[in-house]
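Data block for upload_34.txt (compact mmCIF, C-alpha atoms and all ligand atoms):
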# COMPACT_ATOMS: atom_id res chain seq x y z
CA MET K 205 -5.68 1.64 -0.41
CA THR K 206 -9.42 0.97 -0.48
CA LEU K 207 -11.53 3.34 1.65
CA SER K 208 -14.95 3.21 3.32
CA ILE K 209 -17.68 5.49 1.90
CA LYS K 210 -17.11 7.89 4.79
CA GLU K 211 -13.36 7.96 4.15
CA LEU K 212 -13.99 8.45 0.42
CA ILE K 213 -16.07 11.57 1.14
CA VAL K 214 -13.42 12.94 3.53
CA GLU K 215 -10.65 12.35 0.97
CA ALA K 216 -12.70 13.85 -1.87
CA ASP K 217 -13.33 16.92 0.33
CA ARG K 218 -9.58 17.51 0.36
CA CYS K 219 -9.75 18.46 -3.34
CA VAL K 220 -9.84 22.26 -3.43
CA ALA K 221 -10.88 22.23 -7.11
CA CYS K 222 -7.82 24.30 -8.10
CA GLY K 223 -7.64 22.51 -11.47
CA LEU K 224 -3.83 22.22 -11.47
CA CYS K 225 -4.16 18.52 -12.30
CA LEU K 226 -6.30 19.06 -15.40
CA PRO K 227 -3.53 19.64 -17.99
CA HIS K 228 -1.80 16.48 -16.73
CA CYS K 229 -4.81 14.22 -17.29
CA PRO K 230 -4.64 12.31 -20.61
CA THR K 231 -8.40 11.70 -20.85
CA TYR K 232 -9.23 15.37 -20.16
CA ARG K 233 -6.71 16.39 -22.81
CA LYS K 234 -8.47 14.14 -25.32
CA THR K 235 -12.16 14.79 -24.55
CA GLY K 236 -11.99 18.29 -23.02
CA SER K 237 -14.81 17.25 -20.69
CA GLU K 238 -14.67 18.20 -17.01
CA ALA K 239 -16.27 14.82 -16.22
CA ASP K 240 -13.18 13.12 -17.73
CA SER K 241 -10.81 15.17 -15.58
CA PRO K 242 -9.51 14.26 -12.09
CA ARG K 243 -11.36 17.21 -10.53
CA GLY K 244 -14.60 16.29 -12.27
CA ARG K 245 -14.29 12.60 -11.40
CA ILE K 246 -13.64 13.45 -7.74
CA GLN K 247 -16.83 15.55 -7.67
CA LEU K 248 -18.76 12.71 -9.33
CA MET K 249 -17.42 10.07 -6.93
CA ARG K 250 -18.32 12.19 -3.92
CA ALA K 251 -21.80 12.99 -5.28
CA VAL K 252 -22.51 9.28 -5.89
CA ALA K 253 -21.13 8.36 -2.44
CA GLN K 254 -23.48 10.94 -0.90
CA ASP K 255 -26.46 9.79 -3.02
CA ILE K 256 -26.67 13.24 -4.63
CA LEU K 257 -26.17 11.73 -8.09
CA PRO K 258 -27.30 8.29 -9.28
CA ASN K 259 -24.79 5.52 -9.93
CA ASN K 260 -25.80 5.25 -13.58
CA ALA K 261 -24.24 4.39 -16.94
CA ARG K 262 -22.89 7.93 -17.44
CA PHE K 263 -21.10 7.84 -14.09
CA ASN K 264 -19.69 4.39 -14.90
CA HIS K 265 -18.48 5.64 -18.29
CA HIS K 266 -16.46 8.52 -16.79
CA ILE K 267 -14.91 6.29 -14.10
CA ASP K 268 -14.18 3.48 -16.58
CA LEU K 269 -12.42 5.95 -18.88
CA CYS K 270 -9.90 6.84 -16.14
CA LEU K 271 -6.56 5.13 -16.82
CA SER K 272 -5.49 5.04 -13.14
CA CYS K 273 -2.25 6.59 -14.46
CA ARG K 274 -2.19 8.86 -11.39
CA SER K 275 -0.58 11.71 -13.27
CA CYS K 276 -3.08 13.90 -11.40
CA GLU K 277 -1.65 12.78 -8.05
CA SER K 278 1.85 13.87 -9.04
CA ALA K 279 0.49 17.32 -10.00
CA CYS K 280 -1.78 17.85 -6.99
CA PRO K 281 -0.49 20.44 -4.49
CA ASN K 282 -2.85 19.06 -1.84
CA ASN K 283 -1.71 15.43 -2.23
CA VAL K 284 -5.25 14.19 -2.80
CA ASN K 285 -5.07 10.39 -2.90
CA TYR K 286 -6.81 9.99 -6.26
CA GLY K 287 -5.66 6.35 -6.57
CA ALA K 288 -7.51 5.39 -3.38
CA LEU K 289 -10.61 7.33 -4.53
CA VAL K 290 -10.84 5.63 -7.89
CA ASP K 291 -9.97 2.14 -6.52
CA THR K 292 -12.70 2.56 -3.89
CA SER K 293 -15.27 3.82 -6.38
CA ARG K 294 -14.58 0.90 -8.67
CA ALA K 295 -14.99 -1.53 -5.76
CA LEU K 296 -18.15 0.10 -4.39
CA PHE K 297 -19.94 1.49 -7.45
CA THR K 298 -18.68 0.26 -10.81
CA GLN K 299 -17.68 -3.35 -10.21
CA LYS K 300 -17.70 -5.22 -13.51
CA LYS K 301 -19.18 -8.68 -14.02
CA SER K 302 -16.73 -9.36 -16.81
CA VAL K 303 -16.59 -12.77 -18.49
CA TRP K 304 -13.03 -11.93 -19.43
CA LEU K 305 -12.10 -11.43 -15.76
CA MET K 306 -13.92 -14.62 -14.72
CA LEU K 307 -11.89 -16.59 -17.26
CA ALA K 308 -8.63 -14.86 -16.32
CA LYS K 309 -9.03 -15.34 -12.55
CA PRO K 310 -7.68 -18.91 -12.25
CA PHE K 311 -4.66 -17.98 -14.38
CA MET K 312 -3.94 -14.95 -12.18
CA ARG K 313 -4.21 -17.04 -9.04
CA TYR K 314 -2.42 -20.27 -10.03
CA ARG K 315 0.93 -19.93 -11.71
CA TYR K 316 0.96 -23.56 -12.88
CA LEU K 317 -2.11 -22.79 -15.05
CA THR K 318 -0.36 -19.80 -16.63
CA GLN K 319 2.65 -22.04 -17.16
CA ALA K 320 0.48 -24.63 -18.95
CA LEU K 321 -1.08 -21.88 -21.11
CA THR K 322 2.38 -20.49 -21.91
CA TRP K 323 3.51 -23.93 -23.10
CA LEU K 324 0.40 -24.11 -25.30
CA ILE K 325 1.02 -20.67 -26.82
CA TRP K 326 4.69 -21.50 -27.34
CA LEU K 327 3.81 -24.76 -29.09
CA ILE K 328 1.24 -22.95 -31.28
CA GLN K 329 3.85 -20.34 -32.19
CA GLN K 330 6.42 -23.08 -32.93
CA GLY K 331 3.85 -24.75 -35.17
CA ARG K 332 3.27 -21.41 -36.95
CA CYS K 333 -0.46 -21.41 -36.09
CA ALA K 334 -0.25 -17.97 -34.41
CA ASP K 335 -2.11 -16.27 -37.30
CA LEU K 336 -5.08 -18.58 -36.75
CA LEU K 337 -5.09 -17.66 -33.03
CA LYS K 338 -5.06 -13.94 -33.91
CA ARG K 339 -8.03 -14.42 -36.22
CA LEU K 340 -9.95 -16.23 -33.45
CA HIS K 341 -9.56 -13.46 -30.84
CA PRO K 342 -8.28 -9.85 -31.17
CA ALA K 343 -6.56 -10.03 -27.75
CA ALA K 344 -4.20 -12.63 -29.26
CA LYS K 345 -2.61 -9.77 -31.26
CA LEU K 346 -1.12 -8.59 -27.95
CA ILE K 347 0.76 -11.86 -27.45
CA PRO K 348 4.40 -11.44 -28.47
CA VAL K 349 6.55 -14.25 -29.83
CA ILE K 350 7.53 -15.93 -26.59
CA ASN K 351 10.56 -17.90 -25.51
CA LYS K 352 10.39 -21.48 -24.31
CA PRO K 353 8.66 -21.40 -20.88
CA THR K 354 10.95 -21.44 -17.86
CA THR K 355 10.76 -23.50 -14.69
CA TRP K 356 12.03 -21.20 -11.95
CA GLU K 357 14.39 -22.34 -9.17
CA ASN K 358 13.67 -21.22 -5.61
CA LEU K 359 17.12 -19.68 -5.30
CA TYR K 360 19.68 -18.28 -7.75
CA PRO K 361 22.76 -17.83 -5.57
CA THR K 362 25.49 -15.40 -6.55
CA SER K 363 29.01 -16.70 -7.12
CA HIS K 364 30.49 -13.24 -6.49
CA PRO K 365 33.09 -13.29 -3.66
CA ASN K 366 31.64 -10.11 -2.12
CA LYS K 367 27.96 -10.65 -1.48
CA GLN K 368 25.82 -7.52 -1.62
CA GLY K 369 22.66 -8.99 -0.10
CA ALA K 370 19.60 -11.02 -1.02
CA VAL K 371 16.29 -10.16 -2.68
CA SER K 372 13.03 -11.80 -3.68
CA LEU K 373 12.01 -11.50 -7.32
CA PHE K 374 8.35 -11.03 -8.22
CA LEU K 375 7.41 -12.99 -11.35
CA GLY K 376 3.97 -11.53 -12.13
CA CYS K 377 1.24 -13.43 -13.97
CA THR K 378 1.95 -11.86 -17.36
CA SER K 379 5.70 -11.24 -17.09
CA HIS K 380 6.70 -14.80 -16.24
CA ALA K 381 4.58 -16.06 -19.13
CA LEU K 382 5.33 -13.50 -21.84
CA ASP K 383 8.56 -11.80 -20.76
CA SER K 384 10.72 -14.43 -19.07
CA GLU K 385 13.83 -12.95 -20.72
CA THR K 386 13.49 -9.81 -18.58
CA LEU K 387 13.26 -11.90 -15.42
CA LYS K 388 16.27 -14.00 -16.47
CA ALA K 389 18.21 -10.82 -17.29
CA SER K 390 17.34 -9.44 -13.83
CA ILE K 391 18.67 -12.59 -12.15
CA TYR K 392 21.83 -12.41 -14.27
CA VAL K 393 22.60 -8.78 -13.38
CA LEU K 394 21.76 -9.22 -9.68
CA ASN K 395 23.96 -12.34 -9.42
CA LYS K 396 26.81 -10.58 -11.26
CA LEU K 397 26.67 -7.79 -8.67
CA GLY K 398 26.75 -10.23 -5.76
CA VAL K 399 23.05 -10.48 -4.91
CA ASP K 400 21.26 -13.77 -4.15
CA VAL K 401 17.87 -13.99 -5.85
CA HIS K 402 15.02 -15.89 -4.18
CA ILE K 403 11.87 -16.82 -6.11
CA PRO K 404 9.16 -17.94 -3.67
CA ALA K 405 7.16 -20.66 -5.42
CA ALA K 406 3.79 -19.74 -3.86
CA GLN K 407 3.78 -16.13 -5.15
CA THR K 408 0.94 -15.13 -7.41
CA CYS K 409 -0.50 -12.20 -9.42
CA CYS K 410 -0.26 -8.75 -7.76
CA GLY K 411 -4.05 -8.25 -7.98
CA SER K 412 -3.93 -4.95 -9.89
CA ILE K 413 -6.10 -6.05 -12.82
CA ALA K 414 -8.80 -7.49 -10.52
CA ARG K 415 -8.75 -4.20 -8.54
CA GLN K 416 -9.04 -2.19 -11.76
CA MET K 417 -12.21 -4.16 -12.54
CA GLY K 418 -13.53 -3.39 -9.03
CA ASP K 419 -13.08 -6.98 -7.76
CA THR K 420 -11.55 -6.12 -4.39
CA LYS K 421 -12.34 -9.56 -2.99
CA GLU K 422 -10.16 -11.23 -5.61
CA SER K 423 -7.36 -8.63 -5.43
CA ASN K 424 -7.25 -8.94 -1.62
CA LYS K 425 -7.05 -12.74 -1.94
CA LEU K 426 -4.08 -12.44 -4.27
CA LEU K 427 -2.39 -9.91 -2.00
CA ALA K 428 -2.85 -12.21 1.01
CA LEU K 429 -1.24 -15.10 -0.91
CA ASN K 430 1.71 -12.88 -1.78
CA GLN K 431 1.98 -11.57 1.75
CA ARG K 432 2.35 -15.14 3.03
CA SER K 433 4.83 -16.11 0.29
CA PHE K 434 7.41 -13.35 0.60
CA ASP K 435 9.97 -13.02 3.37
CA GLN K 436 9.56 -9.52 4.87
CA THR K 437 13.28 -9.27 5.65
CA MET K 438 14.19 -9.09 1.96
CA PRO K 439 13.15 -6.46 -0.61
CA ILE K 440 10.69 -7.66 -3.26
CA LEU K 441 11.98 -6.58 -6.66
CA THR K 442 9.61 -6.14 -9.58
CA ALA K 443 10.55 -5.92 -13.26
CA ALA K 444 7.05 -4.78 -14.28
CA SER K 445 6.14 -1.42 -12.77
CA GLY K 446 2.40 -2.16 -12.98
CA CYS K 447 2.90 -5.03 -10.53
CA GLY K 448 5.37 -3.00 -8.47
CA ALA K 449 2.91 -0.13 -8.02
CA GLY K 450 0.09 -2.47 -6.96
CA LEU K 451 2.29 -4.30 -4.46
CA ALA K 452 3.88 -1.12 -3.07
CA ASP K 453 0.44 0.46 -2.52
CA TYR K 454 -1.18 -2.54 -0.88
CA LEU K 455 1.72 -4.38 0.85
CA PRO K 456 3.46 -1.45 2.58
CA GLN K 457 5.03 -3.75 5.20
CA HIS K 458 7.16 -5.34 2.44
CA LYS K 459 9.91 -3.29 0.86
CA VAL K 460 8.81 -3.33 -2.79
CA GLN K 461 11.23 -1.79 -5.27
CA ASP K 462 11.60 -1.62 -9.02
CA VAL K 463 14.63 -3.65 -10.08
CA SER K 464 16.37 -0.59 -11.61
CA ALA K 465 15.94 1.40 -8.37
CA PHE K 466 17.43 -1.45 -6.34
CA LEU K 467 20.37 -1.78 -8.74
CA MET K 468 21.20 1.88 -8.19
CA THR K 469 21.88 1.05 -4.52
CA CYS K 470 24.49 -1.60 -5.46
CA ASP K 471 28.24 -1.30 -5.87
CA TRP K 472 29.08 -1.63 -9.60
CA SER K 473 32.85 -1.30 -9.28
CA THR K 474 33.57 -4.98 -10.03
CA VAL K 475 31.55 -5.41 -13.23
CA THR K 476 32.53 -4.78 -16.83
CA ILE K 477 29.99 -3.25 -19.22
CA THR K 478 30.81 -3.19 -22.91
CA ALA K 479 30.15 -0.03 -24.90
CA LEU K 480 27.06 0.49 -27.07
CA ASN K 481 27.27 3.32 -29.54
CA GLN K 482 23.49 3.80 -29.87
CA ARG K 483 20.68 6.17 -28.92
CA ILE K 484 18.40 4.48 -26.38
CA PHE K 485 15.02 6.14 -25.91
CA VAL K 486 13.18 5.58 -22.64
CA GLN K 487 9.42 5.41 -22.17
CA ASP K 488 8.37 6.15 -18.58
CA PRO K 489 5.49 3.90 -17.45
CA CYS K 490 2.97 5.90 -15.35
CA THR K 491 3.20 3.36 -12.55
CA LEU K 492 6.97 3.86 -12.34
CA ARG K 493 6.77 7.64 -12.66
CA ASN K 494 3.68 8.50 -10.59
CA VAL K 495 3.40 5.66 -8.08
CA GLN K 496 6.82 4.11 -7.49
CA LYS K 497 8.50 7.42 -8.41
CA SER K 498 11.56 5.48 -9.59
CA HIS K 499 11.72 6.43 -13.26
CA THR K 500 15.00 8.33 -12.91
CA ALA K 501 16.73 5.09 -11.82
CA VAL K 502 16.18 3.67 -15.33
CA TYR K 503 18.14 6.55 -16.89
CA MET K 504 20.90 6.17 -14.30
CA LEU K 505 21.09 2.43 -14.97
CA LEU K 506 21.32 2.81 -18.75
CA GLN K 507 23.86 5.64 -18.41
CA LYS K 508 26.26 3.02 -17.05
CA ILE K 509 26.62 1.71 -20.62
CA PRO K 510 29.65 3.44 -22.16
CA HIS K 511 28.90 5.55 -25.28
CA ALA K 512 25.13 4.99 -25.12
CA GLU K 513 23.00 8.13 -25.43
CA ILE K 514 19.96 7.91 -23.16
CA ILE K 515 17.01 10.06 -24.25
CA PRO K 516 13.50 10.41 -22.77
CA LEU K 517 10.76 9.73 -25.33
CA ALA K 518 8.85 12.95 -26.07
CA GLY K 519 5.52 13.11 -24.23
CA ASN K 520 6.71 10.80 -21.46
CA SER K 521 4.40 12.31 -18.86
CA GLN K 522 1.35 11.01 -20.74
CA CYS K 523 0.13 7.42 -20.39
CA CYS K 524 0.56 5.17 -23.47
CA GLY K 525 -2.99 3.85 -23.02
CA GLY K 526 -1.92 0.30 -22.08
CA ALA K 527 -2.97 0.63 -18.42
CA GLY K 528 -3.56 -3.04 -17.55
CA ALA K 529 -6.84 -4.27 -19.01
CA TYR K 530 -7.65 -0.74 -20.29
CA MET K 531 -6.17 -1.50 -23.72
CA LEU K 532 -8.89 -4.15 -24.11
CA THR K 533 -11.80 -2.51 -22.26
CA GLN K 534 -11.34 1.09 -23.55
CA SER K 535 -9.78 0.39 -26.92
CA ASN K 536 -10.78 3.72 -28.52
CA MET K 537 -9.04 5.96 -25.95
CA ALA K 538 -6.18 3.43 -25.67
CA LYS K 539 -5.59 3.76 -29.42
CA GLN K 540 -5.64 7.58 -29.37
CA LEU K 541 -2.98 7.60 -26.64
CA LEU K 542 -0.96 4.91 -28.41
CA ASP K 543 -0.99 6.96 -31.63
CA ASP K 544 0.64 9.86 -29.74
CA LYS K 545 3.46 7.52 -28.67
CA LEU K 546 3.88 6.12 -32.18
CA ASN K 547 4.08 9.66 -33.58
CA ALA K 548 6.79 10.50 -31.02
CA ILE K 549 8.67 7.30 -31.96
CA LYS K 550 8.50 8.17 -35.66
CA ALA K 551 9.47 11.83 -35.11
CA SER K 552 12.61 10.83 -33.20
CA GLN K 553 13.45 7.87 -35.49
CA VAL K 554 13.67 5.60 -32.47
CA ALA K 555 15.54 2.32 -33.03
CA ILE K 556 15.77 1.14 -29.40
CA LEU K 557 13.04 1.85 -26.87
CA ALA K 558 13.33 0.86 -23.21
CA THR K 559 10.24 0.41 -21.06
CA SER K 560 9.93 -1.07 -17.57
CA ASN K 561 6.38 -2.35 -17.77
CA ILE K 562 5.06 -5.40 -19.60
CA GLY K 563 1.65 -3.71 -20.11
CA CYS K 564 3.21 -0.73 -21.93
CA SER K 565 5.46 -3.07 -23.85
CA LEU K 566 2.58 -5.22 -25.16
CA HIS K 567 0.51 -2.16 -26.09
CA LEU K 568 3.42 -0.41 -27.84
CA ALA K 569 4.47 -3.62 -29.63
CA LYS K 570 0.96 -4.00 -31.07
CA GLY K 571 1.03 -0.40 -32.38
CA LEU K 572 4.53 -0.78 -33.82
CA ALA K 573 3.54 -3.99 -35.61
CA GLU K 574 0.37 -2.40 -37.04
CA GLN K 575 2.40 0.47 -38.49
CA ASN K 576 5.28 -1.78 -39.64
CA LEU K 577 7.77 0.14 -37.52
CA THR K 578 11.00 -1.69 -36.68
CA VAL K 579 11.93 -0.78 -33.12
CA SER K 580 13.76 -2.96 -30.57
CA LEU K 581 11.41 -2.76 -27.61
CA LEU K 582 13.26 -3.97 -24.54
CA HIS K 583 13.21 -3.78 -20.76
CA PRO K 584 16.19 -1.65 -19.60
CA ILE K 585 17.54 -4.61 -17.64
CA GLN K 586 17.71 -6.65 -20.85
CA ILE K 587 19.78 -3.91 -22.50
CA ILE K 588 22.33 -3.62 -19.70
CA ALA K 589 22.43 -7.39 -19.08
CA LYS K 590 23.41 -7.94 -22.72
CA GLN K 591 26.27 -5.44 -22.33
CA MET K 592 27.37 -7.42 -19.26
CA GLY K 593 27.52 -10.70 -21.20
CA PHE K 594 23.97 -12.04 -20.83
CA ASP K 595 23.00 -14.03 -23.89
CA VAL K 596 19.50 -12.63 -24.66
S1 LIG G 601 -5.58 8.77 -13.00
FE1 LIG G 601 -4.92 9.58 -15.00
S2 LIG G 601 -6.73 9.41 -16.33
FE2 LIG G 601 -7.45 9.16 -14.21
S3 LIG G 601 -8.04 11.22 -13.58
FE3 LIG G 601 -5.91 10.98 -12.92
S4 LIG G 601 -4.69 11.80 -14.63
FE4 LIG G 601 -6.78 11.46 -15.41
S1 LIG G 602 -4.83 19.42 -8.27
FE1 LIG G 602 -5.60 18.30 -6.46
S2 LIG G 602 -6.79 19.80 -5.33
FE2 LIG G 602 -6.48 20.67 -7.38
S3 LIG G 602 -8.30 20.00 -8.56
FE3 LIG G 602 -6.75 18.45 -8.90
S4 LIG G 602 -7.14 16.90 -7.31
FE4 LIG G 602 -8.25 18.78 -6.69

What does this structure look like when you write it as structure tokens?
Amino acid sequence: MTLSIKELIVEADRCVACGLCLPHCPTYRKTGSEADSPRGRIQLMRAVAQDILPNNARFNHHIDLCLSCRSCESACPNNVNYGALVDTSRALFTQKKSVWLMLAKPFMRYRYLTQALTWLIWLIQQGRCADLLKRLHPAAKLIPVINKPTTWENLYPTSHPNKQGAVSLFLGCTSHALDSETLKASIYVLNKLGVDVHIPAAQTCCGSIARQMGDTKESNKLLALNQRSFDQTMPILTAASGCGAGLADYLPQHKVQDVSAFLMTCDWSTVTITALNQRIFVQDPCTLRNVQKSHTAVYMLLQKIPHAEIIPLAGNSQCCGGAGAYMLTQSNMAKQLLDDKLNAIKASQVAILATSNIGCSLHLAKGLAEQNLTVSLLHPIQIIAKQMGFDV
């Protein structure tokens, strides 16, 4: 939710400065500075809104360093809407004129452009020129080896005799390009359970990255396109919790759910799941834990796999540092937080790691590759789909 200046001040006044959120804030834990804590940022945002402090580079630095992980919201006894405060401050005070965002905008808005780019990347990777691409731009290191791009049908009907309903599937600008296997696995599992899957062709990016950069005009445009594309009578399922959180916050009239949470409402009595005698560690994305509050559904879903041991990754309450464009714009803090995750992965000798957000997955994959760690990094739906016969 984006607020007016008056509403921002009223919401900030609801913070009683108790400090209970401080130990939960990853940036405060790293810098130890009050200005990098939720309480400190709320004071700063209010002071700038009231013209008590100037909107200068120091203010921008402390707001930019916030991950929008919203761990502070989960800890706050007064339910201060920190997400709305920081979204509003970014829109009103710290909007970025980023070349990167200008270039990315058409790809976020028009899926056919992302599709064309995906084909290009795929062809480059097939031609083994990926190393050249990585040398040309550091962001290319985040691009995983991708599968052949997919042309999505409007409807994937179930062939199950007992239909359990119908849903819309959200593709996302990054997921459909870089993680089509997760979307295909979602369709497979939903169809197997008796659920029809609709994929509205006119859907677009969720707008979260534009909002994070303070470009409310662009994020609202994307939300309006999505609002028109999706049928309100069906739940919108997301397989990337970053998108799910953005849509749930800003399209409350649509029933937006993480795919794992929806699957926990289905009847599983007719499906066969083969055993997997492995330890599966789970990384909780902040957007799933603190915004959609659906992280427990992932554990319940994976526990359906006979013999699998499902274990939370140590330090799960702290953000991995991916946080949308944060991994590119705040690379120093992003790396410090990533290192904590990599240390937890090494300490537990993780071989399979499940994460429900493409942003976390890209960030973790980069860190794993840099440290030559061999870990199967998969969306939970890919893991269970494989045990149900999906050919990943
Ligand atoms: S959103 Fe995350 S990084 Fe930002 S203040 Fe809250 S806990 Fe700290
Ligand atoms: S926990 Fe809530 S009320 Fe307490 S300092 Fe943090 S934001 Fe303010």

Distance table requested - chain K against ligand LIG 601 (chain G), cut-off 7 Å, all atoms listed in the file: one row per qualifying residue with the closest atom pair and its distance in Å to one decimal, ordered by chain and rising residue number, as JSON lines.
{"residue": "K:His228", "atom": "CA", "partner": "G:LIG601", "partner_atom": "S4", "distance": 5.9}
{"residue": "K:Cys229", "atom": "CA", "partner": "G:LIG601", "partner_atom": "S4", "distance": 3.6}
{"residue": "K:Pro230", "atom": "CA", "partner": "G:LIG601", "partner_atom": "S2", "distance": 5.6}
{"residue": "K:Thr231", "atom": "CA", "partner": "G:LIG601", "partner_atom": "S2", "distance": 5.3}
{"residue": "K:Tyr232", "atom": "CA", "partner": "G:LIG601", "partner_atom": "FE4", "distance": 6.6}
{"residue": "K:Asp240", "atom": "CA", "partner": "G:LIG601", "partner_atom": "S3", "distance": 6.9}
{"residue": "K:Ser241", "atom": "CA", "partner": "G:LIG601", "partner_atom": "S3", "distance": 5.2}
{"residue": "K:Pro242", "atom": "CA", "partner": "G:LIG601", "partner_atom": "S3", "distance": 3.7}
{"residue": "K:Arg245", "atom": "CA", "partner": "G:LIG601", "partner_atom": "S3", "distance": 6.8}
{"residue": "K:Cys270", "atom": "CA", "partner": "G:LIG601", "partner_atom": "FE2", "distance": 3.9}
{"residue": "K:Leu271", "atom": "CA", "partner": "G:LIG601", "partner_atom": "S2", "distance": 4.3}
{"residue": "K:Ser272", "atom": "CA", "partner": "G:LIG601", "partner_atom": "S1", "distance": 3.7}
{"residue": "K:Cys273", "atom": "CA", "partner": "G:LIG601", "partner_atom": "FE1", "distance": 4.0}
{"residue": "K:Arg274", "atom": "CA", "partner": "G:LIG601", "partner_atom": "S1", "distance": 3.8}
{"residue": "K:Ser275", "atom": "CA", "partner": "G:LIG601", "partner_atom": "S4", "distance": 4.3}
{"residue": "K:Cys276", "atom": "CA", "partner": "G:LIG601", "partner_atom": "S4", "distance": 4.2}
{"residue": "K:Glu277", "atom": "CA", "partner": "G:LIG601", "partner_atom": "FE3", "distance": 6.7}
{"residue": "K:Tyr286", "atom": "CA", "partner": "G:LIG601", "partner_atom": "FE3", "distance": 6.8}
{"residue": "K:Gly287", "atom": "CA", "partner": "G:LIG601", "partner_atom": "S1", "distance": 6.9}

Contacts of chain K with ligand LIG 602 (chain G) up to 9 Å, shortest pair per row, only C-alpha atoms and all ligand atoms, as CSV:
residue,atom,partner,partner_atom,distance
K:Ala216,CA,G:LIG602,FE4,8.2
K:Asp217,CA,G:LIG602,FE4,8.9
K:Arg218,CA,G:LIG602,S2,6.7
K:Cys219,CA,G:LIG602,FE4,3.7
K:Val220,CA,G:LIG602,S2,4.4
K:Ala221,CA,G:LIG602,S3,3.7
K:Cys222,CA,G:LIG602,FE2,3.9
K:Gly223,CA,G:LIG602,S3,3.9
K:Leu224,CA,G:LIG602,S1,4.4
K:Cys225,CA,G:LIG602,S1,4.2
K:Leu226,CA,G:LIG602,FE3,6.5
K:Ser241,CA,G:LIG602,FE3,8.5
K:Pro242,CA,G:LIG602,FE3,5.9
K:Arg243,CA,G:LIG602,S3,4.6
K:Gly244,CA,G:LIG602,S3,8.2
K:Ile246,CA,G:LIG602,S4,7.4
K:Cys276,CA,G:LIG602,FE3,6.4
K:Glu277,CA,G:LIG602,S4,6.9
K:Ser278,CA,G:LIG602,S1,8.7
K:Ala279,CA,G:LIG602,S1,6.0
K:Cys280,CA,G:LIG602,S1,3.7
K:Pro281,CA,G:LIG602,S1,5.8
K:Asn282,CA,G:LIG602,S2,5.3
K:Asn283,CA,G:LIG602,FE1,6.4
K:Val284,CA,G:LIG602,FE1,5.5
K:Asn285,CA,G:LIG602,S4,8.1
K:Tyr286,CA,G:LIG602,S4,7.0

Fewer than 3 positions away in the same chain doesn't count, so skip those; otherwise give me all residues within 12 Å of K:Gln319, counting only C-alpha atoms, as a ChimeraX atom specification.
/K:310-316,322-326,352-356,375-382,384

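Here atom CA of K:Pro361 stands at a distance of 11.2 Å from atom CA of K:Leu397.
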
Can you pull out every residue within 7 Å of stretch 503-508 of chain K, counting only C-alpha atoms, but drop anything in the same chain fewer than 3 positions away, and send it as a list in words?
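The filter keeps Ser464, Met468, Thr500, Ala512, Ile514, Pro584 and Ile588 of chain K.
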
Between atom CA of K:Pro227 and atom CA of K:Ala538 - distance in Å to one decimal:
18.1 Å

Polymer residues at most 9 Å from (15.9, -13.2, -21.4) by only C-alpha atoms, as a ChimeraX atom specification
/K:351,383-390,586,594-596

Atomic separation - atom CA of K:His364 relative to atom CA of K:His499, Å:
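So the two atoms, atom CA of K:His499 and atom CA of K:His364, lie 28.0 Å apart.
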